[in-house]
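Below is model-v5.pdb, holding PDB, C-alpha atoms, pLDDT in the B column.
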ATOM      1  CA  MET B   1      36.946 -60.165 168.534  1.00 32.00           C
ATOM      2  CA  ASP B   2      40.190 -58.499 169.584  1.00 35.00           C
ATOM      3  CA  THR B   3      40.324 -55.425 167.386  1.00 34.00           C
ATOM      4  CA  SER B   4      43.687 -54.352 168.770  1.00 40.00           C
ATOM      5  CA  VAL B   5      45.349 -57.023 166.645  1.00 53.00           C
ATOM      6  CA  SER B   6      45.740 -56.736 162.887  1.00 70.00           C
ATOM      7  CA  PHE B   7      44.053 -59.201 160.578  1.00 72.00           C
ATOM      8  CA  LEU B   8      47.359 -60.822 159.594  1.00 73.00           C
ATOM      9  CA  ASP B   9      48.514 -61.067 163.195  1.00 71.00           C
ATOM     10  CA  SER B  10      45.311 -62.922 164.071  1.00 71.00           C
ATOM     11  CA  LEU B  11      46.153 -65.461 161.353  1.00 71.00           C
ATOM     12  CA  GLN B  12      49.473 -66.290 162.991  1.00 68.00           C
ATOM     13  CA  HIS B  13      47.482 -68.499 165.334  1.00 61.00           C
ATOM     14  CA  THR B  14      46.285 -71.277 163.056  1.00 56.00           C
ATOM     15  CA  SER B  15      43.982 -72.487 165.821  1.00 61.00           C
ATOM     16  CA  ASP B  16      42.028 -69.231 165.597  1.00 66.00           C
ATOM     17  CA  GLU B  17      39.052 -70.583 163.679  1.00 76.00           C
ATOM     18  CA  GLU B  18      37.410 -67.159 163.580  1.00 75.00           C
ATOM     19  CA  ALA B  19      40.463 -65.589 161.914  1.00 72.00           C
ATOM     20  CA  TRP B  20      40.586 -68.293 159.254  1.00 79.00           C
ATOM     21  CA  GLY B  21      36.864 -67.946 158.685  1.00 83.00           C
ATOM     22  CA  ARG B  22      37.416 -64.232 158.088  1.00 80.00           C
ATOM     23  CA  LEU B  23      40.261 -65.017 155.668  1.00 83.00           C
ATOM     24  CA  VAL B  24      37.993 -67.299 153.653  1.00 88.00           C
ATOM     25  CA  GLY B  25      35.189 -64.731 153.805  1.00 88.00           C
ATOM     26  CA  MET B  26      37.485 -61.937 152.715  1.00 89.00           C
ATOM     27  CA  TYR B  27      39.417 -63.610 149.935  1.00 91.00           C
ATOM     28  CA  SER B  28      37.086 -66.193 148.371  1.00 94.00           C
ATOM     29  CA  PRO B  29      35.062 -63.595 146.411  1.00 94.00           C
ATOM     30  CA  LEU B  30      38.223 -61.865 145.150  1.00 93.00           C
ATOM     31  CA  ILE B  31      39.832 -65.121 144.008  1.00 93.00           C
ATOM     32  CA  ARG B  32      36.626 -66.359 142.383  1.00 93.00           C
ATOM     33  CA  GLY B  33      36.290 -63.125 140.433  1.00 91.00           C
ATOM     34  CA  TRP B  34      39.795 -63.397 139.072  1.00 87.00           C
ATOM     35  CA  LEU B  35      39.360 -67.052 138.119  1.00 86.00           C
ATOM     36  CA  LYS B  36      36.251 -66.138 136.130  1.00 86.00           C
ATOM     37  CA  ARG B  37      38.410 -63.693 134.173  1.00 81.00           C
ATOM     38  CA  PHE B  38      40.748 -66.523 133.278  1.00 77.00           C
ATOM     39  CA  GLY B  39      37.835 -68.437 131.771  1.00 76.00           C
ATOM     40  CA  ALA B  40      37.569 -71.084 134.501  1.00 79.00           C
ATOM     41  CA  SER B  41      34.417 -73.185 134.731  1.00 81.00           C
ATOM     42  CA  LEU B  42      32.240 -72.941 137.835  1.00 85.00           C
ATOM     43  CA  ASP B  43      33.519 -76.306 139.122  1.00 83.00           C
ATOM     44  CA  ASP B  44      37.121 -75.292 138.526  1.00 87.00           C
ATOM     45  CA  ILE B  45      36.562 -71.923 140.238  1.00 91.00           C
ATOM     46  CA  GLU B  46      35.456 -73.618 143.459  1.00 91.00           C
ATOM     47  CA  ASP B  47      38.283 -76.180 143.330  1.00 91.00           C
ATOM     48  CA  ILE B  48      40.997 -73.616 142.647  1.00 91.00           C
ATOM     49  CA  THR B  49      39.664 -71.168 145.244  1.00 94.00           C
ATOM     50  CA  GLN B  50      39.795 -73.954 147.813  1.00 92.00           C
ATOM     51  CA  GLU B  51      43.321 -74.902 146.681  1.00 93.00           C
ATOM     52  CA  VAL B  52      44.541 -71.307 146.999  1.00 94.00           C
ATOM     53  CA  LEU B  53      43.112 -70.880 150.494  1.00 92.00           C
ATOM     54  CA  THR B  54      44.458 -74.291 151.563  1.00 90.00           C
ATOM     55  CA  VAL B  55      47.955 -73.311 150.432  1.00 92.00           C
ATOM     56  CA  VAL B  56      47.655 -69.948 152.211  1.00 90.00           C
ATOM     57  CA  PHE B  57      46.549 -71.741 155.382  1.00 85.00           C
ATOM     58  CA  ARG B  58      49.295 -74.367 155.160  1.00 85.00           C
ATOM     59  CA  ARG B  59      52.090 -71.978 154.239  1.00 87.00           C
ATOM     60  CA  PHE B  60      51.042 -68.951 156.284  1.00 84.00           C
ATOM     61  CA  PRO B  61      53.613 -69.662 159.030  1.00 79.00           C
ATOM     62  CA  GLU B  62      56.288 -69.231 156.315  1.00 81.00           C
ATOM     63  CA  PHE B  63      54.935 -65.842 155.247  1.00 80.00           C
ATOM     64  CA  ARG B  64      57.116 -62.965 156.365  1.00 74.00           C
ATOM     65  CA  ARG B  65      56.081 -59.384 156.130  1.00 66.00           C
ATOM     66  CA  GLU B  66      58.762 -57.517 154.366  1.00 65.00           C
ATOM     67  CA  PRO B  67      59.465 -53.817 154.520  1.00 60.00           C
ATOM     68  CA  ARG B  68      58.063 -53.468 151.006  1.00 62.00           C
ATOM     69  CA  ALA B  69      54.443 -52.500 150.526  1.00 64.00           C
ATOM     70  CA  GLY B  70      51.958 -55.127 149.427  1.00 71.00           C
ATOM     71  CA  ALA B  71      53.898 -58.206 150.553  1.00 79.00           C
ATOM     72  CA  PHE B  72      50.758 -60.184 151.434  1.00 84.00           C
ATOM     73  CA  ARG B  73      48.792 -59.352 148.294  1.00 86.00           C
ATOM     74  CA  ALA B  74      51.861 -60.220 146.154  1.00 85.00           C
ATOM     75  CA  TRP B  75      52.285 -63.489 148.046  1.00 88.00           C
ATOM     76  CA  LEU B  76      48.589 -64.297 147.585  1.00 90.00           C
ATOM     77  CA  ARG B  77      48.732 -63.423 143.864  1.00 90.00           C
ATOM     78  CA  THR B  78      51.719 -65.765 143.400  1.00 89.00           C
ATOM     79  CA  ILE B  79      49.927 -68.593 145.187  1.00 92.00           C
ATOM     80  CA  ALA B  80      46.799 -68.019 143.084  1.00 90.00           C
ATOM     81  CA  ALA B  81      48.816 -68.071 139.839  1.00 88.00           C
ATOM     82  CA  ASN B  82      50.649 -71.252 140.850  1.00 89.00           C
ATOM     83  CA  CYS B  83      47.430 -73.009 141.899  1.00 90.00           C
ATOM     84  CA  LEU B  84      45.753 -71.988 138.652  1.00 85.00           C
ATOM     85  CA  ARG B  85      48.650 -73.317 136.584  1.00 84.00           C
ATOM     86  CA  ASP B  86      48.914 -76.530 138.652  1.00 86.00           C
ATOM     87  CA  HIS B  87      45.181 -77.170 138.475  1.00 83.00           C
ATOM     88  CA  TRP B  88      45.137 -77.119 134.691  1.00 76.00           C
ATOM     89  CA  ARG B  89      48.273 -79.246 134.480  1.00 78.00           C
ATOM     90  CA  ARG B  90      46.696 -81.890 136.743  1.00 79.00           C
ATOM     91  CA  LYS B  91      43.541 -81.873 134.640  1.00 70.00           C
ATOM     92  CA  ASN B  92      45.754 -82.086 131.543  1.00 61.00           C
ATOM     93  CA  LYS B  93      43.943 -79.285 129.834  1.00 57.00           C
ATOM     94  CA  GLN B  94      44.584 -75.703 129.040  1.00 51.00           C
ATOM     95  CA  PRO B  95      41.747 -73.215 128.959  1.00 51.00           C
ATOM     96  CA  PRO B  96      41.524 -70.731 126.160  1.00 50.00           C
ATOM     97  CA  GLY B  97      43.250 -67.484 126.987  1.00 49.00           C
ATOM     98  CA  ILE B  98      41.305 -64.296 127.375  1.00 48.00           C
ATOM     99  CA  GLY B  99      41.021 -62.411 124.099  1.00 42.00           C
ATOM    100  CA  GLY B 100      42.734 -65.232 122.206  1.00 43.00           C
ATOM    101  CA  SER B 101      45.886 -65.005 124.339  1.00 50.00           C
ATOM    102  CA  ASP B 102      47.929 -67.978 125.405  1.00 63.00           C
ATOM    103  CA  PHE B 103      46.935 -69.203 128.880  1.00 66.00           C
ATOM    104  CA  GLY B 104      50.538 -69.632 130.011  1.00 70.00           C
ATOM    105  CA  GLN B 105      51.286 -66.057 129.008  1.00 76.00           C
ATOM    106  CA  ILE B 106      48.311 -64.760 130.996  1.00 76.00           C
ATOM    107  CA  VAL B 107      49.358 -66.650 134.126  1.00 78.00           C
ATOM    108  CA  ALA B 108      52.937 -65.422 133.718  1.00 80.00           C
ATOM    109  CA  GLU B 109      51.680 -61.842 133.402  1.00 83.00           C
ATOM    110  CA  PHE B 110      49.486 -62.338 136.473  1.00 81.00           C
ATOM    111  CA  GLN B 111      52.519 -63.510 138.416  1.00 80.00           C
ATOM    112  CA  ASP B 112      54.858 -60.744 137.159  1.00 84.00           C
ATOM    113  CA  PRO B 113      54.817 -57.953 139.771  1.00 83.00           C
ATOM    114  CA  GLU B 114      55.537 -55.321 137.103  1.00 88.00           C
ATOM    115  CA  SER B 115      52.727 -56.261 134.707  1.00 89.00           C
ATOM    116  CA  GLY B 116      49.520 -54.375 134.094  1.00 88.00           C
ATOM    117  CA  LEU B 117      47.547 -57.407 135.226  1.00 87.00           C
ATOM    118  CA  SER B 118      49.382 -57.390 138.567  1.00 86.00           C
ATOM    119  CA  ALA B 119      48.746 -53.667 138.968  1.00 89.00           C
ATOM    120  CA  GLN B 120      45.053 -54.333 138.341  1.00 90.00           C
ATOM    121  CA  TRP B 121      45.124 -57.139 140.955  1.00 88.00           C
ATOM    122  CA  ASN B 122      46.724 -54.747 143.457  1.00 86.00           C
ATOM    123  CA  ARG B 123      44.056 -52.085 142.915  1.00 89.00           C
ATOM    124  CA  GLU B 124      41.175 -54.540 143.080  1.00 90.00           C
ATOM    125  CA  HIS B 125      42.676 -56.337 146.074  1.00 88.00           C
ATOM    126  CA  ASP B 126      42.955 -53.082 148.006  1.00 86.00           C
ATOM    127  CA  ARG B 127      39.397 -51.977 147.120  1.00 90.00           C
ATOM    128  CA  HIS B 128      38.054 -55.395 148.048  1.00 91.00           C
ATOM    129  CA  VAL B 129      39.910 -55.515 151.378  1.00 88.00           C
ATOM    130  CA  ILE B 130      38.893 -51.956 152.280  1.00 90.00           C
ATOM    131  CA  GLN B 131      35.226 -52.789 151.679  1.00 92.00           C
ATOM    132  CA  TYR B 132      35.559 -55.950 153.755  1.00 91.00           C
ATOM    133  CA  LEU B 133      37.288 -54.105 156.612  1.00 90.00           C
ATOM    134  CA  LEU B 134      34.697 -51.327 156.540  1.00 94.00           C
ATOM    135  CA  GLN B 135      31.991 -53.929 157.064  1.00 92.00           C
ATOM    136  CA  GLU B 136      34.045 -55.639 159.762  1.00 88.00           C
ATOM    137  CA  VAL B 137      34.691 -52.516 161.849  1.00 92.00           C
ATOM    138  CA  ARG B 138      31.261 -50.932 161.369  1.00 96.00           C
ATOM    139  CA  PRO B 139      29.641 -52.596 164.426  1.00 96.00           C
ATOM    140  CA  ALA B 140      32.267 -51.031 166.731  1.00 95.00           C
ATOM    141  CA  PHE B 141      30.871 -47.520 166.193  1.00 97.00           C
ATOM    142  CA  THR B 142      27.655 -45.709 167.002  1.00 97.00           C
ATOM    143  CA  ASP B 143      25.381 -44.812 164.131  1.00 97.00           C
ATOM    144  CA  LYS B 144      26.246 -41.119 164.486  1.00 97.00           C
ATOM    145  CA  THR B 145      30.026 -41.746 164.507  1.00 97.00           C
ATOM    146  CA  TRP B 146      29.723 -43.971 161.458  1.00 97.00           C
ATOM    147  CA  ALA B 147      27.504 -41.490 159.628  1.00 97.00           C
ATOM    148  CA  ALA B 148      29.992 -38.687 160.320  1.00 97.00           C
ATOM    149  CA  PHE B 149      32.854 -40.829 159.036  1.00 97.00           C
ATOM    150  CA  GLN B 150      30.936 -41.950 155.958  1.00 97.00           C
ATOM    151  CA  ARG B 151      29.659 -38.523 154.976  1.00 97.00           C
ATOM    152  CA  PHE B 152      33.031 -36.826 155.556  1.00 97.00           C
ATOM    153  CA  ALA B 153      35.643 -39.441 154.604  1.00 96.00           C
ATOM    154  CA  LEU B 154      33.779 -41.501 152.020  1.00 95.00           C
ATOM    155  CA  ASP B 155      31.175 -39.176 150.551  1.00 96.00           C
ATOM    156  CA  GLY B 156      33.494 -36.157 150.532  1.00 96.00           C
ATOM    157  CA  LEU B 157      31.257 -33.625 152.241  1.00 96.00           C
ATOM    158  CA  SER B 158      32.937 -30.824 154.149  1.00 96.00           C
ATOM    159  CA  ALA B 159      33.224 -31.101 157.933  1.00 97.00           C
ATOM    160  CA  ASP B 160      30.927 -28.084 158.242  1.00 97.00           C
ATOM    161  CA  ASP B 161      28.241 -29.700 156.087  1.00 97.00           C
ATOM    162  CA  VAL B 162      28.441 -32.983 158.015  1.00 97.00           C
ATOM    163  CA  SER B 163      28.329 -31.080 161.303  1.00 97.00           C
ATOM    164  CA  GLN B 164      25.146 -29.305 160.268  1.00 97.00           C
ATOM    165  CA  GLU B 165      23.569 -32.403 158.744  1.00 97.00           C
ATOM    166  CA  LEU B 166      24.130 -34.557 161.838  1.00 97.00           C
ATOM    167  CA  GLY B 167      23.823 -31.878 164.503  1.00 97.00           C
ATOM    168  CA  ILE B 168      27.305 -32.451 165.902  1.00 97.00           C
ATOM    169  CA  SER B 169      30.364 -30.240 166.233  1.00 97.00           C
ATOM    170  CA  VAL B 170      32.947 -29.940 163.471  1.00 97.00           C
ATOM    171  CA  ASN B 171      35.459 -31.363 165.943  1.00 97.00           C
ATOM    172  CA  ALA B 172      33.229 -34.439 166.418  1.00 97.00           C
ATOM    173  CA  VAL B 173      33.315 -34.998 162.656  1.00 97.00           C
ATOM    174  CA  PHE B 174      37.121 -34.988 162.664  1.00 97.00           C
ATOM    175  CA  VAL B 175      37.217 -37.256 165.719  1.00 97.00           C
ATOM    176  CA  ALA B 176      34.828 -39.726 164.060  1.00 97.00           C
ATOM    177  CA  LYS B 177      36.985 -39.866 160.950  1.00 97.00           C
ATOM    178  CA  SER B 178      40.127 -40.321 163.024  1.00 97.00           C
ATOM    179  CA  ARG B 179      38.647 -43.106 165.156  1.00 97.00           C
ATOM    180  CA  VAL B 180      37.329 -45.125 162.224  1.00 96.00           C
ATOM    181  CA  LEU B 181      40.502 -44.699 160.159  1.00 94.00           C
ATOM    182  CA  SER B 182      42.602 -45.713 163.148  1.00 93.00           C
ATOM    183  CA  ARG B 183      40.586 -48.911 163.535  1.00 92.00           C
ATOM    184  CA  LEU B 184      40.800 -49.621 159.795  1.00 90.00           C
ATOM    185  CA  ARG B 185      44.581 -49.133 159.798  1.00 86.00           C
ATOM    186  CA  GLN B 186      44.878 -51.389 162.811  1.00 84.00           C
ATOM    187  CA  ARG B 187      42.822 -54.198 161.286  1.00 81.00           C
ATOM    188  CA  GLY B 188      44.286 -53.817 157.806  1.00 78.00           C
ATOM    189  CA  LEU B 189      47.939 -53.591 158.837  1.00 74.00           C
ATOM    190  CA  GLY B 190      49.932 -55.506 156.267  1.00 66.00           C
ATOM    191  CA  LEU B 191      46.984 -56.143 153.959  1.00 71.00           C
ATOM    192  CA  ILE B 192      46.861 -52.735 152.317  1.00 65.00           C
ATOM    193  CA  ASP B 193      50.066 -50.763 152.195  1.00 57.00           C
TER     194      ASP B 193
END

What would you get if you wrote out this structure as C-alpha cells?
Amino acid sequence: MDTSVSFLDSLQHTSDEEAWGRLVGMYSPLIRGWLKRFGASLDDIEDITQEVLTVVFRRFPEFRREPRAGAFRAWLRTIAANCLRDHWRRKNKQPPGIGGSDFGQIVAEFQDPESGLSAQWNREHDRHVIQYLLQEVRPAFTDKTWAAFQRFALDGLSADDVSQELGISVNAVFVAKSRVLSRLRQRGLGLID
C-alpha cells in the first residue's frame, strides 16, 4: 500500500481494486447507519448502499476537489440523498418519516448543506473516517510509537506522563504524535477538512 498517496488520490485510478475495496469498507457502515435512521428495511439498506457506492464509483472521475472544506463528504451526502429518493420512487412507495415527518422533507433536509441534519452527517462522517484511518495506519507504526500517540493525542495524558509510563523521552512522545498525525493527514487529505 502506497501511504504517500491520499485516499482520494488512490481512487482516481479506477483499476485500483484495493482502493475501491477500502472505499466500500470505509463508507458502507456509515451509509447503512444513516439509512436505518430514515426507516429503511434491511433489504432496502443493502440495495441503497450498493446504489450509492456504484454511483460514487461511476461518477468519481467527475468529482473535483474544490477549495472549500468537506467537498467529498458533501458530494457523498448528495449522492446518498438522491439514491434514497430514487430508490423509493422506483419502488413506488414512501417510507414513513422519522418522528412523523414527511419523507421528502427529511431527504431535502439531508441534502441541504445548511441543515442540522447535514451538520450531523458532517460530524459523524469525520468521526467515522478518522476511526477508519486510525485502523488503516496503525500497522505502519511500532507498538511503542502507537502507544505514545494514543496516550498523548487521543487519551489526553501529558507528554511527561506518557514519557514516564512508556519509558521514553518527552521528545519521543512529541515525535510519535507528529509522525502518526502526518500519516493520518496524508491518507485523509480531502476526506476530512

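For the pair CA of Arg59 (chain B) and CA of Ile79 (chain B), the interatomic distance is 9.9 Å.
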
Report as a ChimeraX atom specification all protein, DNA and RNA residues lying within 10 Å of Ile31 (chain B), evaluated on all atoms listed in the file, omitting residues in the same chain fewer than 6 positions from it. /B:45-46,48-50,52-53,76-77,80,125

Can you tell me how far CA of Leu35 (chain B) sits from CA of Ser6 (chain B), in Å to one decimal?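 Answer for the CA of Leu35 (chain B) to CA of Ser6 (chain B) separation: 27.6 Å.
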
Best match for closeness to Arg127 (chain B) among B:Val180, B:Val170, B:Val56, B:Leu191, counting all atoms listed in the file: B:Leu191

Would you compute, for all listed atoms of region 129-138 of chain B, the axis-aligned bounding box grown by 5 Å on each side, and then report its centre and edge lengths in Å rounded to one decimal, as JSON?
{"center_x": 35.6, "center_y": -53.4, "center_z": 156.6, "size_x": 18.6, "size_y": 15.0, "size_z": 20.5}

For CA of Ala40 (chain B) and CA of Val107 (chain B), quote the distance in Å rounded to one decimal. 12.6 Å

Taking only C-alpha atoms into account, name the residue in B:Leu42, B:Lys36, B:Ser158, B:Phe149 that is nearest to Ala172 (chain B).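 Smallest distance to Ala172 (chain B) is found for B:Phe149.
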
At most 8 Å from (37.0, -58.0, 160.7), file frame, all atoms listed in the file: which residues, as a VMD selection string? chain B and resid 3 7 22 132 to 133 135 to 137 187

Run the PyMOL selection byres ((chain B and resi 144) around 10) on the file and write out the hits as a ChimeraX atom specification. /B:141-143,145-150,166-168,172-173,176

Identify which of the residues B:Arg185, B:Phe174, B:Arg73, B:Ser10 lies closest to Asp160 (chain B), counting only C-alpha atoms when measuring atom-to-atom distances.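 Smallest separation from Asp160 (chain B) among the options: B:Phe174.
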
Determine the nearest neighbour of Arg183 (chain B) from the options B:Gly116, B:Pro139, B:Gly39, B:Gly70, counting all atoms listed in the file.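 Of B:Gly116, B:Pro139, B:Gly39, B:Gly70, the one nearest Arg183 (chain B) is B:Pro139, counting all atoms listed in the file.
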
Which of these, B:Gln186, B:Ser41, B:Gln111, B:Thr78, has the shortest distance to Leu134 (chain B) once you count all atoms listed in the file? B:Gln186

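The neighbours of Trp20 (chain B) here are the residues that come within 12 Å of it, using only C-alpha atoms and leaving out any residue fewer than 6 positions away in the same chain; they are Phe7, Leu8, Asp9, Ser10, Leu11, Gln12, His13, Thr14, Met26, Tyr27, Ser28, Leu53, Thr54, Val56, Phe57, Arg58 and Phe60 of chain B.
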
Could you tell me which of B:Ile106, B:Arg138, B:Ala159, B:Ala74 comes closest to Ala119 (chain B) if we count all atoms listed in the file? B:Ala74

For the structure provided, state which residues fall under the PyMOL selection byres ((chain B and resi 85) around 10), and present them as a list in words.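 In the shown coordinates, the PyMOL selection byres ((chain B and resi 85) around 10) covers Ile48, Ile79, Ala80, Ala81, Asn82, Cys83, Leu84, Asp86, His87, Trp88, Arg89, Arg90, Gln94, Phe103, Gly104, Val107 and Ala108 of chain B.
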